[in-house]
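Undergrad: To start, I am sharing the structure in question, which I have written as C-alpha coordinates.
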Amino acid sequence: MAIEAGDFKTGLTVMVDNDPWQVIEFMHVKPGKGAAILKTKMKNLKTGSTQERNFNASTKFEAAIIEKKNALFTYEAGGIYNFMDQETYETYELTADQVGFNKYFILENMEIMLMFFEGQVLSVSVPDRVELTVTETTPAMKGAPTTQTKDAVTETGLSIRVPQFIEQGERVIVTTADGKYSSRA
(Lines give C-alpha, C1' and ligand atoms only; values in the text may rest on other atoms or scores of the structure.)
Protein backbone atom coordinates (compact mmCIF):
# COMPACT_ATOMS: atom_id res chain seq x y z
CA MET A 1 0.00 0.00 0.00
CA ALA A 2 1.57 3.30 -1.10
CA ILE A 3 1.52 6.28 1.27
CA GLU A 4 2.38 9.81 0.17
CA ALA A 5 4.62 11.89 2.41
CA GLY A 6 1.84 14.49 2.53
CA ASP A 7 -0.34 11.92 4.34
CA PHE A 8 2.13 11.27 7.18
CA LYS A 9 0.80 11.01 10.73
CA THR A 10 2.65 10.65 14.01
CA GLY A 11 3.28 6.96 14.71
CA LEU A 12 2.96 5.89 11.04
CA THR A 13 5.48 3.25 9.96
CA VAL A 14 6.85 3.30 6.42
CA MET A 15 9.69 1.66 4.50
CA VAL A 16 12.63 3.98 3.78
CA ASP A 17 15.86 2.55 2.35
CA ASN A 18 14.57 -1.01 2.96
CA ASP A 19 14.15 -0.43 6.72
CA PRO A 20 10.99 0.22 8.75
CA TRP A 21 10.86 3.81 10.04
CA GLN A 22 8.32 5.37 12.40
CA VAL A 23 7.27 9.01 12.06
CA ILE A 24 7.90 10.80 15.37
CA GLU A 25 7.23 14.39 14.27
CA PHE A 26 6.44 16.06 10.98
CA MET A 27 5.77 19.53 9.62
CA HIS A 28 4.55 20.68 6.21
CA VAL A 29 6.66 23.54 4.81
CA LYS A 30 5.62 25.55 1.76
CA PRO A 31 8.56 27.62 0.55
CA GLY A 32 7.94 30.73 -1.53
CA LYS A 33 8.84 28.88 -4.71
CA GLY A 34 8.64 25.25 -5.60
CA ALA A 35 6.78 22.27 -4.22
CA ALA A 36 5.82 21.76 -0.59
CA ILE A 37 8.22 19.69 1.49
CA LEU A 38 7.70 17.63 4.60
CA LYS A 39 10.24 17.97 7.41
CA THR A 40 10.19 14.84 9.53
CA LYS A 41 11.84 13.33 12.56
CA MET A 42 11.87 9.56 12.13
CA LYS A 43 13.05 6.56 14.12
CA ASN A 44 14.61 3.52 12.47
CA LEU A 45 12.82 0.61 14.13
CA LYS A 46 15.68 -1.80 13.42
CA THR A 47 18.54 0.27 14.80
CA GLY A 48 16.68 2.64 17.15
CA SER A 49 18.44 5.68 15.67
CA THR A 50 16.51 8.86 14.92
CA GLN A 51 17.05 11.18 11.98
CA GLU A 52 15.58 14.37 10.65
CA ARG A 53 14.72 13.96 6.98
CA ASN A 54 13.03 16.10 4.34
CA PHE A 55 10.76 14.70 1.63
CA ASN A 56 8.84 16.11 -1.28
CA ALA A 57 5.15 16.04 -0.22
CA SER A 58 4.31 13.83 -3.22
CA THR A 59 6.99 11.18 -2.50
CA LYS A 60 5.42 7.75 -2.14
CA PHE A 61 6.40 5.16 0.47
CA GLU A 62 5.43 1.57 1.09
CA ALA A 63 3.72 0.93 4.45
CA ALA A 64 5.81 -1.09 6.91
CA ILE A 65 3.68 -3.84 8.41
CA ILE A 66 4.52 -3.92 12.11
CA GLU A 67 2.99 -6.76 14.09
CA LYS A 68 2.35 -6.26 17.80
CA LYS A 69 2.06 -8.97 20.45
CA ASN A 70 1.27 -8.78 24.15
CA ALA A 71 4.13 -10.01 26.29
CA LEU A 72 5.08 -10.11 29.94
CA PHE A 73 8.36 -8.55 31.06
CA THR A 74 9.96 -11.24 33.21
CA TYR A 75 13.42 -9.94 34.15
CA GLU A 76 16.61 -8.11 33.11
CA ALA A 77 20.06 -9.61 33.50
CA GLY A 78 23.33 -8.23 32.18
CA GLY A 79 21.66 -5.73 29.86
CA ILE A 80 19.38 -8.38 28.32
CA TYR A 81 15.63 -7.88 28.81
CA ASN A 82 13.52 -11.04 28.83
CA PHE A 83 9.89 -11.13 27.73
CA MET A 84 7.39 -13.98 27.49
CA ASP A 85 4.45 -14.36 25.10
CA GLN A 86 1.56 -15.23 27.42
CA GLU A 87 -0.25 -17.32 24.81
CA THR A 88 2.60 -19.47 23.45
CA TYR A 89 5.03 -19.10 26.41
CA GLU A 90 7.74 -18.30 23.86
CA THR A 91 10.49 -16.09 25.29
CA TYR A 92 12.18 -13.14 23.62
CA GLU A 93 15.44 -11.43 24.52
CA LEU A 94 16.05 -7.78 23.70
CA THR A 95 19.23 -5.80 24.23
CA ALA A 96 19.33 -2.56 26.18
CA ASP A 97 19.68 -0.72 22.83
CA GLN A 98 16.47 -2.30 21.52
CA VAL A 99 14.56 -1.41 24.70
CA GLY A 100 16.11 2.08 24.81
CA PHE A 101 14.50 4.78 26.98
CA ASN A 102 11.56 2.43 27.63
CA LYS A 103 13.71 0.62 30.22
CA TYR A 104 12.64 3.27 32.71
CA PHE A 105 8.97 2.37 32.28
CA ILE A 106 8.89 -1.42 32.56
CA LEU A 107 8.66 -3.40 35.78
CA GLU A 108 8.81 -7.14 36.37
CA ASN A 109 5.52 -8.91 35.56
CA MET A 110 4.30 -5.88 33.59
CA GLU A 111 2.38 -6.51 30.38
CA ILE A 112 3.75 -4.60 27.39
CA MET A 113 3.65 -4.86 23.59
CA LEU A 114 6.48 -6.29 21.52
CA MET A 115 6.84 -4.91 17.99
CA PHE A 116 7.81 -7.32 15.18
CA PHE A 117 8.85 -6.74 11.58
CA GLU A 118 9.08 -9.74 9.26
CA GLY A 119 9.17 -12.09 12.27
CA GLN A 120 12.03 -10.26 13.97
CA VAL A 121 11.38 -8.54 17.31
CA LEU A 122 12.32 -4.86 17.02
CA SER A 123 11.42 -3.12 20.25
CA VAL A 124 8.92 -2.69 23.04
CA SER A 125 5.93 -0.40 23.17
CA VAL A 126 4.92 0.83 26.63
CA PRO A 127 1.66 2.46 27.79
CA ASP A 128 1.36 6.27 27.55
CA ARG A 129 1.56 6.56 31.34
CA VAL A 130 3.01 4.29 34.01
CA GLU A 131 2.84 4.21 37.78
CA LEU A 132 6.24 4.17 39.52
CA THR A 133 7.42 4.38 43.14
CA VAL A 134 9.72 7.23 44.22
CA THR A 135 12.78 5.63 45.87
CA GLU A 136 14.87 8.76 46.48
CA THR A 137 13.97 12.39 47.03
CA THR A 138 14.77 15.20 49.45
CA PRO A 139 12.28 16.27 52.14
CA ALA A 140 9.90 19.11 51.25
CA MET A 141 11.24 22.61 51.91
CA LYS A 142 9.14 24.49 54.45
CA GLY A 143 7.41 27.50 52.94
CA ALA A 144 8.29 26.51 49.36
CA PRO A 145 5.71 27.52 46.73
CA THR A 146 3.53 24.68 45.48
CA THR A 147 4.86 25.21 41.94
CA GLN A 148 8.47 24.55 42.99
CA THR A 149 9.85 21.12 42.10
CA LYS A 150 12.66 18.92 43.38
CA ASP A 151 14.69 15.97 42.10
CA ALA A 152 13.48 12.41 42.60
CA VAL A 153 14.51 8.93 41.42
CA THR A 154 12.03 6.16 40.69
CA GLU A 155 12.36 2.41 41.27
CA THR A 156 13.48 1.97 37.65
CA GLY A 157 16.30 4.54 38.00
CA LEU A 158 14.49 7.34 36.13
CA SER A 159 15.41 10.83 37.40
CA ILE A 160 12.43 13.18 37.36
CA ARG A 161 11.32 16.51 38.79
CA VAL A 162 8.38 16.26 41.23
CA PRO A 163 6.39 18.77 43.30
CA GLN A 164 7.65 19.52 46.82
CA PHE A 165 4.85 17.50 48.48
CA ILE A 166 5.95 14.16 46.94
CA GLU A 167 7.81 12.00 49.46
CA GLN A 168 9.96 8.88 49.26
CA GLY A 169 7.84 5.74 48.86
CA GLU A 170 4.95 7.51 47.10
CA ARG A 171 3.55 6.26 43.80
CA VAL A 172 3.56 8.76 40.92
CA ILE A 173 2.31 8.66 37.35
CA VAL A 174 4.94 9.39 34.68
CA THR A 175 4.31 10.03 30.97
CA THR A 176 6.42 7.69 28.88
CA ALA A 177 6.75 10.00 25.87
CA ASP A 178 8.94 12.47 27.76
CA GLY A 179 9.63 10.79 31.12
CA LYS A 180 8.07 13.59 33.15
CA TYR A 181 5.96 13.59 36.31
CA SER A 182 2.23 13.76 35.59
CA SER A 183 0.46 13.31 38.94
CA ARG A 184 0.21 11.34 42.15
CA ALA A 185 -1.02 7.80 41.70
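Residue numbers start at 1 in each chain; chains themselves are named A, B, ... in the order of the C-alpha coordinates; ligands are numbered from 1 in the order shown.
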Segment 21-33 of chain A: which residues within 8 Å, counting only C-alpha atoms, same-chain residues fewer than 3 positions away excluded, as a list in words?

TA: Gly6, Phe8, Lys9, Thr10, Gly11, Leu12, Thr13, Val14, Met15, Val16, Ala36, Ile37, Leu38, Lys39, Thr40, Lys41, Met42, Lys43, Asn44, Leu45, Ala57 and Ala64 of chain A

Undergrad: Which neighbours of Val99 of chain A fall inside 7 Å, counting only C-alpha atoms, when residues of the same chain fewer than 4 positions from it are skipped, and could you give them as a list in words?

TA: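 Everything that qualifies: Leu94, Thr95, Lys103, Ser123 and Val124 of chain A.
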
Undergrad: Could you save the residues just selected, with N, CA and C atoms, as a PDB file, in the first residue's frame?

TA:
```pdb
ATOM      1  N   LEU A  94      15.726  -9.034  24.362  1.00  0.00           N
ATOM      2  CA  LEU A  94      16.048  -7.776  23.703  1.00  0.00           C
ATOM      3  C   LEU A  94      17.233  -7.143  24.415  1.00  0.00           C
ATOM      4  N   THR A  95      18.089  -6.496  23.650  1.00  0.00           N
ATOM      5  CA  THR A  95      19.232  -5.802  24.231  1.00  0.00           C
ATOM      6  C   THR A  95      18.778  -4.467  24.807  1.00  0.00           C
ATOM      7  N   LYS A 103      13.267   1.394  29.053  1.00  0.00           N
ATOM      8  CA  LYS A 103      13.714   0.615  30.215  1.00  0.00           C
ATOM      9  C   LYS A 103      13.276   1.263  31.522  1.00  0.00           C
ATOM     10  N   SER A 123      11.379  -3.939  19.040  1.00  0.00           N
ATOM     11  CA  SER A 123      11.424  -3.119  20.245  1.00  0.00           C
ATOM     12  C   SER A 123      10.174  -3.351  21.079  1.00  0.00           C
ATOM     13  N   VAL A 124      10.089  -2.607  22.174  1.00  0.00           N
ATOM     14  CA  VAL A 124       8.915  -2.686  23.039  1.00  0.00           C
ATOM     15  C   VAL A 124       8.107  -1.403  22.915  1.00  0.00           C
TER      16      VAL A 124
END
```

Undergrad: Based on DSSP run over this structure's backbone, return all residues of segment 30-151 of chain A in strand (DSSP E), as a PyMOL selection string.

TA: chain A and resi 37-44+50-56+60-63+67-77+80-85+91-95+111-117+120-125+129-137+149-151

Undergrad: Quote the spacing between atom CA of Asp19 of chain A and atom CA of Met110 of chain A in Å to one decimal place.

TA: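 So the two atoms, atom CA of Asp19 of chain A and atom CA of Met110 of chain A, lie 29.1 Å apart.
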